[in-house]
Amino acid sequence: MIAHIAAAALALGAPTATPGVTPTTLTIGGTIPISGPAAAYGSVGRGADAYFKYVNSQGGVFGRKIVYRYLDDEFDVAKTIQLTRQLVEQDNVLAIFNSVGTEHALAIRSYLNDRKVPQLFLGSGVSKLASEHKKYPWSMGYLPSFAGEGVIYGRYIAAHRPKARIAVLYENSDFGKDMLAGLRRGLRGKGKVVASQSYEFTDSGIDSQLARLKSSGADTLMLFATPQFAIFGYVGAFRLGWHPQVYVTSVSISPDIMKIARFGTSQKQVEGSISIAFVKDPTSAQWAKDKTVRLYKSILRRFLPSAKPDDVFNYYGMAVAYTMVDTLKKAGRNPTRAGVLAAATHLSETNPFLLPGVRIKTSPNDYYPMDKVKLARYRGTHWQFFGNLVSAQG
């Protein structure tokens, strides 16, 4: 009898077989820059959390509530490393999810793969996350390929403005370098990159870089930059009296970001800017009656009432959370880390937050979840999509 009681006590006190999984909860986590130079992305975490709360209100995943711990790394790689270790070793998360930042994702990749912790649907489209999947099978991005995005811009310029003189402002990171390399590949000898200037995400300004870019005589400006520096790009060009055709990366086109750029310059400065998009724009009249956009707004009202609906990073957070919920469901009633990874690498998902025709598709040999995107042009106060869907991988 004593032996049975002791065994039962040990069983009750023993940790669960799978970290982050209890009879009533599934705990996942990630790092988000809620403060610091990329604080605009904080809404990615808040939006995802609001969606999980909505799912929990509907019964969760097989009766388990999703607990999402997102910690502020201030966009500081050293803090990303420290906080990721905390999530794995102290909070015992099932998976790392939705962490923002390319250099940040790469910095923790070896650690998570060594421990076989899924590192899923990261806020990055850097090529290394897909091309090195055999070496790092536990790590997967979510955004369209950065190199592919650059290719799309290059091909569009080659087709429509083959004599363009192009200046490039890019972040000195794998993100910016991927975008620039893709642009050069897409141009195929058409157009001409006449100047390129990099910046560090810790820089306080980019006035000198913009002055050099303007002096090149370029008539086209590529802003391969995070939101704060994209705004600096628009404002700096305006102050120099420079009015090029602007292409701005999709990671910096939330309508509230564009509003800041517009107020800091003029309507003329931002009008006609070109980017790519893959989610519906919940601020546009085009989607006012869309079922998913209405759901987005109702989730904000109920679970995140302080949020601004025109901060589309909230919407993106819900889109990526939808894919995570889908993955957890596919992992089954008794999920393991290996089971979550298997589910993440066998997705064929119609995500209602995305544009029609854009699907989430993965396989053990395809770690780029996003298959298609659309070109978009900024008109008035909104982005307008044009042309057919194009390959997100360029």
# chains A, B, ... in the order shown; residues from 1 in each chain; ligands from 1

call {"tool": "closest_atom_pairs", "arguments": {"of": "stretch 35-131 of chain A", "to": "stretch 150-158 of chain A", "cutoff": "12 Å", "atoms": "only C-alpha atoms", "output": "JSON lines"}}
result
{"residue": "A:Gly125", "atom": "CA", "partner": "A:Gly150", "partner_atom": "CA", "distance": 11.4}
{"residue": "A:Val126", "atom": "CA", "partner": "A:Gly150", "partner_atom": "CA", "distance": 11.5}
{"residue": "A:Ser127", "atom": "CA", "partner": "A:Gly150", "partner_atom": "CA", "distance": 11.8}

call {"tool": "write_last_selection", "arguments": {"atoms": "N, CA and C atoms", "output": "mmCIF file, in the first residue's frame"}}
result
data_model
loop_
_atom_site.group_PDB
_atom_site.id
_atom_site.type_symbol
_atom_site.label_atom_id
_atom_site.label_comp_id
_atom_site.auth_asym_id
_atom_site.auth_seq_id
_atom_site.Cartn_x
_atom_site.Cartn_y
_atom_site.Cartn_z
ATOM 1 N N GLY A 125 11.314 36.535 -43.548
ATOM 2 C CA GLY A 125 11.293 35.786 -44.798
ATOM 3 C C GLY A 125 12.695 35.574 -45.322
ATOM 4 N N VAL A 126 13.675 35.580 -44.410
ATOM 5 C CA VAL A 126 15.068 35.448 -44.826
ATOM 6 C C VAL A 126 15.303 34.077 -45.456
ATOM 7 N N SER A 127 16.112 34.044 -46.484
ATOM 8 C CA SER A 127 16.290 32.811 -47.258
ATOM 9 C C SER A 127 16.928 31.692 -46.442
#

call {"tool": "residues_around", "arguments": {"residues": "A:Lys128", "least_positions_apart": "5", "cutoff": "12 Å", "atoms": "only C-alpha atoms", "output": "list of chain:residue names"}}
result
A:Thr102, A:Glu103, A:Ala105, A:Leu106, A:Ala107, A:Arg109, A:His133, A:Lys134, A:Lys135, A:Tyr136, A:Pro137, A:Ser139, A:Met140, A:Gly141, A:Ser145, A:Phe146, A:Ala147, A:Asp174, A:Phe175, A:Lys177, A:Asp178, A:Tyr367, A:Tyr368

call {"tool": "closest_residue", "arguments": {"among": "A:Ala218, A:Met258, A:Ile360, A:Leu129", "to": "A:Phe232", "atoms": "only C-alpha atoms"}}
result
A:Met258

call {"tool": "residues_around", "arguments": {"residues": "A:Lys374", "least_positions_apart": "5", "cutoff": "9 Å", "atoms": "only C-alpha atoms", "output": "PDB file with N, CA and C atoms, in the first residue's frame"}}
result
ATOM      1  N   SER A 275       4.440  48.249 -53.326  1.00  0.00           N
ATOM      2  CA  SER A 275       4.881  47.207 -52.406  1.00  0.00           C
ATOM      3  C   SER A 275       4.218  45.896 -52.821  1.00  0.00           C
ATOM      4  N   ILE A 276       4.320  44.899 -51.969  1.00  0.00           N
ATOM      5  CA  ILE A 276       3.562  43.672 -52.142  1.00  0.00           C
ATOM      6  C   ILE A 276       2.699  43.456 -50.908  1.00  0.00           C
ATOM      7  N   ALA A 277       1.647  42.681 -51.058  1.00  0.00           N
ATOM      8  CA  ALA A 277       0.760  42.391 -49.927  1.00  0.00           C
ATOM      9  C   ALA A 277       0.258  40.967 -50.040  1.00  0.00           C
ATOM     10  N   PHE A 278      -0.118  40.416 -48.891  1.00  0.00           N
ATOM     11  CA  PHE A 278      -0.636  39.052 -48.868  1.00  0.00           C
ATOM     12  C   PHE A 278      -1.820  38.906 -47.920  1.00  0.00           C
ATOM     13  N   LEU A 355      -5.154  37.128 -48.586  1.00  0.00           N
ATOM     14  CA  LEU A 355      -5.848  37.466 -49.818  1.00  0.00           C
ATOM     15  C   LEU A 355      -6.355  36.202 -50.511  1.00  0.00           C
ATOM     16  N   VAL A 358      -4.077  33.198 -51.978  1.00  0.00           N
ATOM     17  CA  VAL A 358      -2.823  33.032 -51.241  1.00  0.00           C
ATOM     18  C   VAL A 358      -3.019  31.902 -50.238  1.00  0.00           C
ATOM     19  N   PHE A 385      -4.579  46.814 -54.642  1.00  0.00           N
ATOM     20  CA  PHE A 385      -3.915  45.690 -55.290  1.00  0.00           C
ATOM     21  C   PHE A 385      -4.071  45.796 -56.799  1.00  0.00           C
ATOM     22  N   PHE A 386      -3.064  45.341 -57.531  1.00  0.00           N
ATOM     23  CA  PHE A 386      -3.179  45.337 -58.984  1.00  0.00           C
ATOM     24  C   PHE A 386      -2.424  44.136 -59.548  1.00  0.00           C
ATOM     25  N   GLY A 387      -2.826  43.752 -60.761  1.00  0.00           N
ATOM     26  CA  GLY A 387      -2.189  42.625 -61.429  1.00  0.00           C
ATOM     27  C   GLY A 387      -2.613  41.291 -60.856  1.00  0.00           C
ATOM     28  N   ASN A 388      -2.040  40.227 -61.380  1.00  0.00           N
ATOM     29  CA  ASN A 388      -2.355  38.875 -60.935  1.00  0.00           C
ATOM     30  C   ASN A 388      -1.462  38.492 -59.750  1.00  0.00           C
ATOM     31  N   LEU A 389      -1.846  37.422 -59.083  1.00  0.00           N
ATOM     32  CA  LEU A 389      -0.978  36.862 -58.058  1.00  0.00           C
ATOM     33  C   LEU A 389       0.358  36.473 -58.674  1.00  0.00           C
ATOM     34  N   VAL A 390       1.430  36.707 -57.937  1.00  0.00           N
ATOM     35  CA  VAL A 390       2.762  36.338 -58.415  1.00  0.00           C
ATOM     36  C   VAL A 390       3.431  35.446 -57.377  1.00  0.00           C
ATOM     37  N   SER A 391       4.401  34.674 -57.817  1.00  0.00           N
ATOM     38  CA  SER A 391       5.094  33.768 -56.917  1.00  0.00           C
ATOM     39  C   SER A 391       5.800  34.537 -55.818  1.00  0.00           C
ATOM     40  N   ALA A 392       5.597  34.127 -54.586  1.00  0.00           N
ATOM     41  CA  ALA A 392       6.227  34.786 -53.452  1.00  0.00           C
ATOM     42  C   ALA A 392       7.706  34.455 -53.361  1.00  0.00           C
TER      43      ALA A 392
END

call {"tool": "residues_around", "arguments": {"residues": "stretch 204-212 of chain A", "least_positions_apart": "5", "cutoff": "9 Å", "atoms": "only C-alpha atoms", "output": "list of chain:residue names"}}
result
A:Leu169, A:Ala195, A:Ser196, A:Gln197, A:Ser198, A:Tyr199, A:Phe229, A:Phe232, A:Gly233, A:Gly236, A:Ala237, A:Leu240

call {"tool": "write_last_selection", "arguments": {"atoms": "N, CA and C atoms", "output": "PDB file, in the first residue's frame"}}
result
ATOM      1  N   LEU A 169      18.059  51.951 -50.181  1.00  0.00           N
ATOM      2  CA  LEU A 169      18.353  52.057 -48.750  1.00  0.00           C
ATOM      3  C   LEU A 169      18.002  50.708 -48.144  1.00  0.00           C
ATOM      4  N   ALA A 195      23.102  53.470 -56.869  1.00  0.00           N
ATOM      5  CA  ALA A 195      23.644  53.735 -55.525  1.00  0.00           C
ATOM      6  C   ALA A 195      22.931  52.849 -54.521  1.00  0.00           C
ATOM      7  N   SER A 196      23.646  52.445 -53.495  1.00  0.00           N
ATOM      8  CA  SER A 196      23.042  51.701 -52.386  1.00  0.00           C
ATOM      9  C   SER A 196      23.709  52.152 -51.102  1.00  0.00           C
ATOM     10  N   GLN A 197      22.908  52.284 -50.069  1.00  0.00           N
ATOM     11  CA  GLN A 197      23.397  52.712 -48.767  1.00  0.00           C
ATOM     12  C   GLN A 197      22.729  51.845 -47.708  1.00  0.00           C
ATOM     13  N   SER A 198      23.521  51.391 -46.748  1.00  0.00           N
ATOM     14  CA  SER A 198      22.983  50.569 -45.664  1.00  0.00           C
ATOM     15  C   SER A 198      22.859  51.400 -44.391  1.00  0.00           C
ATOM     16  N   TYR A 199      22.088  50.876 -43.464  1.00  0.00           N
ATOM     17  CA  TYR A 199      21.983  51.477 -42.132  1.00  0.00           C
ATOM     18  C   TYR A 199      21.941  50.350 -41.106  1.00  0.00           C
ATOM     19  N   PHE A 229      12.603  53.220 -40.090  1.00  0.00           N
ATOM     20  CA  PHE A 229      13.545  53.695 -41.097  1.00  0.00           C
ATOM     21  C   PHE A 229      12.878  53.918 -42.449  1.00  0.00           C
ATOM     22  N   PHE A 232      11.743  57.345 -41.940  1.00  0.00           N
ATOM     23  CA  PHE A 232      12.918  58.217 -42.114  1.00  0.00           C
ATOM     24  C   PHE A 232      13.224  58.416 -43.601  1.00  0.00           C
ATOM     25  N   GLY A 233      13.062  57.342 -44.382  1.00  0.00           N
ATOM     26  CA  GLY A 233      13.355  57.419 -45.810  1.00  0.00           C
ATOM     27  C   GLY A 233      12.439  58.384 -46.532  1.00  0.00           C
ATOM     28  N   GLY A 236      13.155  61.988 -45.061  1.00  0.00           N
ATOM     29  CA  GLY A 236      14.460  62.501 -45.472  1.00  0.00           C
ATOM     30  C   GLY A 236      14.495  62.898 -46.934  1.00  0.00           C
ATOM     31  N   ALA A 237      13.882  62.070 -47.802  1.00  0.00           N
ATOM     32  CA  ALA A 237      13.837  62.403 -49.222  1.00  0.00           C
ATOM     33  C   ALA A 237      13.045  63.691 -49.444  1.00  0.00           C
ATOM     34  N   LEU A 240      14.945  66.772 -48.662  1.00  0.00           N
ATOM     35  CA  LEU A 240      15.976  67.040 -49.673  1.00  0.00           C
ATOM     36  C   LEU A 240      15.377  67.532 -50.989  1.00  0.00           C
TER      37      LEU A 240
END

call {"tool": "closest_atom_pairs", "arguments": {"of": "stretch 179-263 of chain A", "to": "stretch 315-336 of chain A", "cutoff": "12 Å", "atoms": "only C-alpha atoms", "output": "Markdown table"}}
result
| residue | atom | partner | partner_atom | distance |
| --- | --- | --- | --- | --- |
| A:Ser250 | CA | A:Tyr316 | CA | 11.6 |
| A:Val251 | CA | A:Tyr316 | CA | 10.3 |
| A:Ile253 | CA | A:Tyr316 | CA | 11.7 |
| A:Ser254 | CA | A:Tyr316 | CA | 9.7 |
| A:Pro255 | CA | A:Tyr315 | CA | 11.6 |

call {"tool": "select_by_dssp", "arguments": {"residues": "stretch 20-260 of chain A", "states": "helix (DSSP H, G or I)", "output": "ChimeraX atom specification"}}
result
/A:39-57,77-89,102-114,127-131,146-160,174-187,207-215,227-239,250-252,255-260

call {"tool": "closest_residue", "arguments": {"among": "A:Arg377, A:Pro162, A:Ser43, A:Thr84", "to": "A:Asp310", "atoms": "only C-alpha atoms"}}
result
A:Ser43

call {"tool": "atom_distance", "arguments": {"atom1": "atom CA of A:Tyr68", "atom2": "atom CA of A:Thr345"}}
result
21.3 Å

call {"tool": "atom_distance", "arguments": {"atom1": "atom CA of A:Ala78", "atom2": "atom CA of A:Thr202"}}
result
13.3 Å

call {"tool": "atom_distance", "arguments": {"atom1": "atom CA of A:Leu223", "atom2": "atom CA of A:Val246"}}
result
7.2 Å

call {"tool": "decode", "arguments": {"residues": "stretch 267-292 of chain A", "atoms": "N, CA, C and O atoms", "output": "mmCIF file, in the first residue's frame"}}
result
data_model
loop_
_atom_site.group_PDB
_atom_site.id
_atom_site.type_symbol
_atom_site.label_atom_id
_atom_site.label_comp_id
_atom_site.auth_asym_id
_atom_site.auth_seq_id
_atom_site.Cartn_x
_atom_site.Cartn_y
_atom_site.Cartn_z
ATOM 1 N N GLN A 267 1.197 64.320 -49.455
ATOM 2 C CA GLN A 267 0.504 63.261 -50.191
ATOM 3 C C GLN A 267 1.297 62.873 -51.437
ATOM 4 O O GLN A 267 1.403 61.699 -51.776
ATOM 5 N N LYS A 268 1.883 63.863 -52.103
ATOM 6 C CA LYS A 268 2.644 63.604 -53.325
ATOM 7 C C LYS A 268 3.830 62.677 -53.057
ATOM 8 O O LYS A 268 4.168 61.837 -53.896
ATOM 9 N N GLN A 269 4.453 62.818 -51.892
ATOM 10 C CA GLN A 269 5.660 62.048 -51.606
ATOM 11 C C GLN A 269 5.355 60.557 -51.485
ATOM 12 O O GLN A 269 6.153 59.718 -51.893
ATOM 13 N N VAL A 270 4.217 60.216 -50.918
ATOM 14 C CA VAL A 270 3.899 58.801 -50.697
ATOM 15 C C VAL A 270 3.000 58.233 -51.794
ATOM 16 O O VAL A 270 2.942 57.014 -51.965
ATOM 17 N N GLU A 271 2.297 59.098 -52.506
ATOM 18 C CA GLU A 271 1.354 58.643 -53.531
ATOM 19 C C GLU A 271 2.065 57.807 -54.596
ATOM 20 O O GLU A 271 3.121 58.179 -55.106
ATOM 21 N N GLY A 272 1.466 56.665 -54.915
ATOM 22 C CA GLY A 272 2.025 55.809 -55.955
ATOM 23 C C GLY A 272 3.122 54.876 -55.497
ATOM 24 O O GLY A 272 3.685 54.125 -56.315
ATOM 25 N N SER A 273 3.463 54.895 -54.204
ATOM 26 C CA SER A 273 4.452 53.934 -53.695
ATOM 27 C C SER A 273 3.986 52.515 -54.015
ATOM 28 O O SER A 273 2.788 52.224 -54.033
ATOM 29 N N ILE A 274 4.940 51.635 -54.259
ATOM 30 C CA ILE A 274 4.624 50.258 -54.644
ATOM 31 C C ILE A 274 5.202 49.291 -53.614
ATOM 32 O O ILE A 274 6.300 49.488 -53.095
ATOM 33 N N SER A 275 4.440 48.249 -53.326
ATOM 34 C CA SER A 275 4.881 47.207 -52.406
ATOM 35 C C SER A 275 4.218 45.896 -52.821
ATOM 36 O O SER A 275 3.633 45.794 -53.914
ATOM 37 N N ILE A 276 4.320 44.899 -51.969
ATOM 38 C CA ILE A 276 3.562 43.672 -52.142
ATOM 39 C C ILE A 276 2.699 43.456 -50.908
ATOM 40 O O ILE A 276 2.984 43.995 -49.835
ATOM 41 N N ALA A 277 1.647 42.681 -51.058
ATOM 42 C CA ALA A 277 0.760 42.391 -49.927
ATOM 43 C C ALA A 277 0.258 40.967 -50.040
ATOM 44 O O ALA A 277 0.204 40.383 -51.124
ATOM 45 N N PHE A 278 -0.118 40.416 -48.891
ATOM 46 C CA PHE A 278 -0.636 39.052 -48.868
ATOM 47 C C PHE A 278 -1.820 38.906 -47.920
ATOM 48 O O PHE A 278 -2.478 37.876 -47.887
ATOM 49 N N VAL A 279 -2.095 39.936 -47.112
ATOM 50 C CA VAL A 279 -3.270 39.914 -46.230
ATOM 51 C C VAL A 279 -4.295 40.922 -46.743
ATOM 52 O O VAL A 279 -3.954 41.888 -47.430
ATOM 53 N N LYS A 280 -5.547 40.690 -46.403
ATOM 54 C CA LYS A 280 -6.583 41.677 -46.693
ATOM 55 C C LYS A 280 -6.299 42.943 -45.884
ATOM 56 O O LYS A 280 -5.706 42.875 -44.801
ATOM 57 N N ASP A 281 -6.714 44.071 -46.406
ATOM 58 C CA ASP A 281 -6.538 45.337 -45.703
ATOM 59 C C ASP A 281 -7.820 45.647 -44.936
ATOM 60 O O ASP A 281 -8.810 46.075 -45.530
ATOM 61 N N PRO A 282 -7.826 45.444 -43.622
ATOM 62 C CA PRO A 282 -9.060 45.648 -42.861
ATOM 63 C C PRO A 282 -9.483 47.105 -42.748
ATOM 64 O O PRO A 282 -10.569 47.396 -42.254
ATOM 65 N N THR A 283 -8.643 48.028 -43.221
ATOM 66 C CA THR A 283 -8.993 49.443 -43.175
ATOM 67 C C THR A 283 -9.625 49.930 -44.470
ATOM 68 O O THR A 283 -10.058 51.080 -44.553
ATOM 69 N N SER A 284 -9.655 49.064 -45.481
ATOM 70 C CA SER A 284 -10.149 49.459 -46.797
ATOM 71 C C SER A 284 -11.631 49.118 -46.957
ATOM 72 O O SER A 284 -12.097 48.068 -46.508
ATOM 73 N N ALA A 285 -12.342 49.999 -47.659
ATOM 74 C CA ALA A 285 -13.761 49.753 -47.932
ATOM 75 C C ALA A 285 -13.953 48.482 -48.760
ATOM 76 O O ALA A 285 -15.019 47.859 -48.721
ATOM 77 N N GLN A 286 -12.923 48.076 -49.485
ATOM 78 C CA GLN A 286 -13.014 46.877 -50.310
ATOM 79 C C GLN A 286 -13.370 45.646 -49.487
ATOM 80 O O GLN A 286 -14.040 44.732 -49.969
ATOM 81 N N TRP A 287 -12.925 45.638 -48.224
ATOM 82 C CA TRP A 287 -13.117 44.459 -47.374
ATOM 83 C C TRP A 287 -14.091 44.729 -46.232
ATOM 84 O O TRP A 287 -14.166 43.941 -45.293
ATOM 85 N N ALA A 288 -14.819 45.828 -46.308
ATOM 86 C CA ALA A 288 -15.680 46.237 -45.192
ATOM 87 C C ALA A 288 -16.704 45.168 -44.817
ATOM 88 O O ALA A 288 -17.059 45.013 -43.641
ATOM 89 N N LYS A 289 -17.200 44.421 -45.805
ATOM 90 C CA LYS A 289 -18.218 43.408 -45.538
ATOM 91 C C LYS A 289 -17.643 41.994 -45.466
ATOM 92 O O LYS A 289 -18.396 41.024 -45.324
ATOM 93 N N ASP A 290 -16.334 41.897 -45.557
ATOM 94 C CA ASP A 290 -15.694 40.580 -45.524
ATOM 95 C C ASP A 290 -15.876 39.936 -44.146
ATOM 96 O O ASP A 290 -15.670 40.587 -43.106
ATOM 97 N N LYS A 291 -16.225 38.672 -44.145
ATOM 98 C CA LYS A 291 -16.520 37.961 -42.901
ATOM 99 C C LYS A 291 -15.323 37.954 -41.948
ATOM 100 O O LYS A 291 -15.466 38.163 -40.729
ATOM 101 N N THR A 292 -14.119 37.724 -42.484
ATOM 102 C CA THR A 292 -12.929 37.636 -41.635
ATOM 103 C C THR A 292 -12.527 39.009 -41.108
ATOM 104 O O THR A 292 -12.097 39.142 -39.955
#
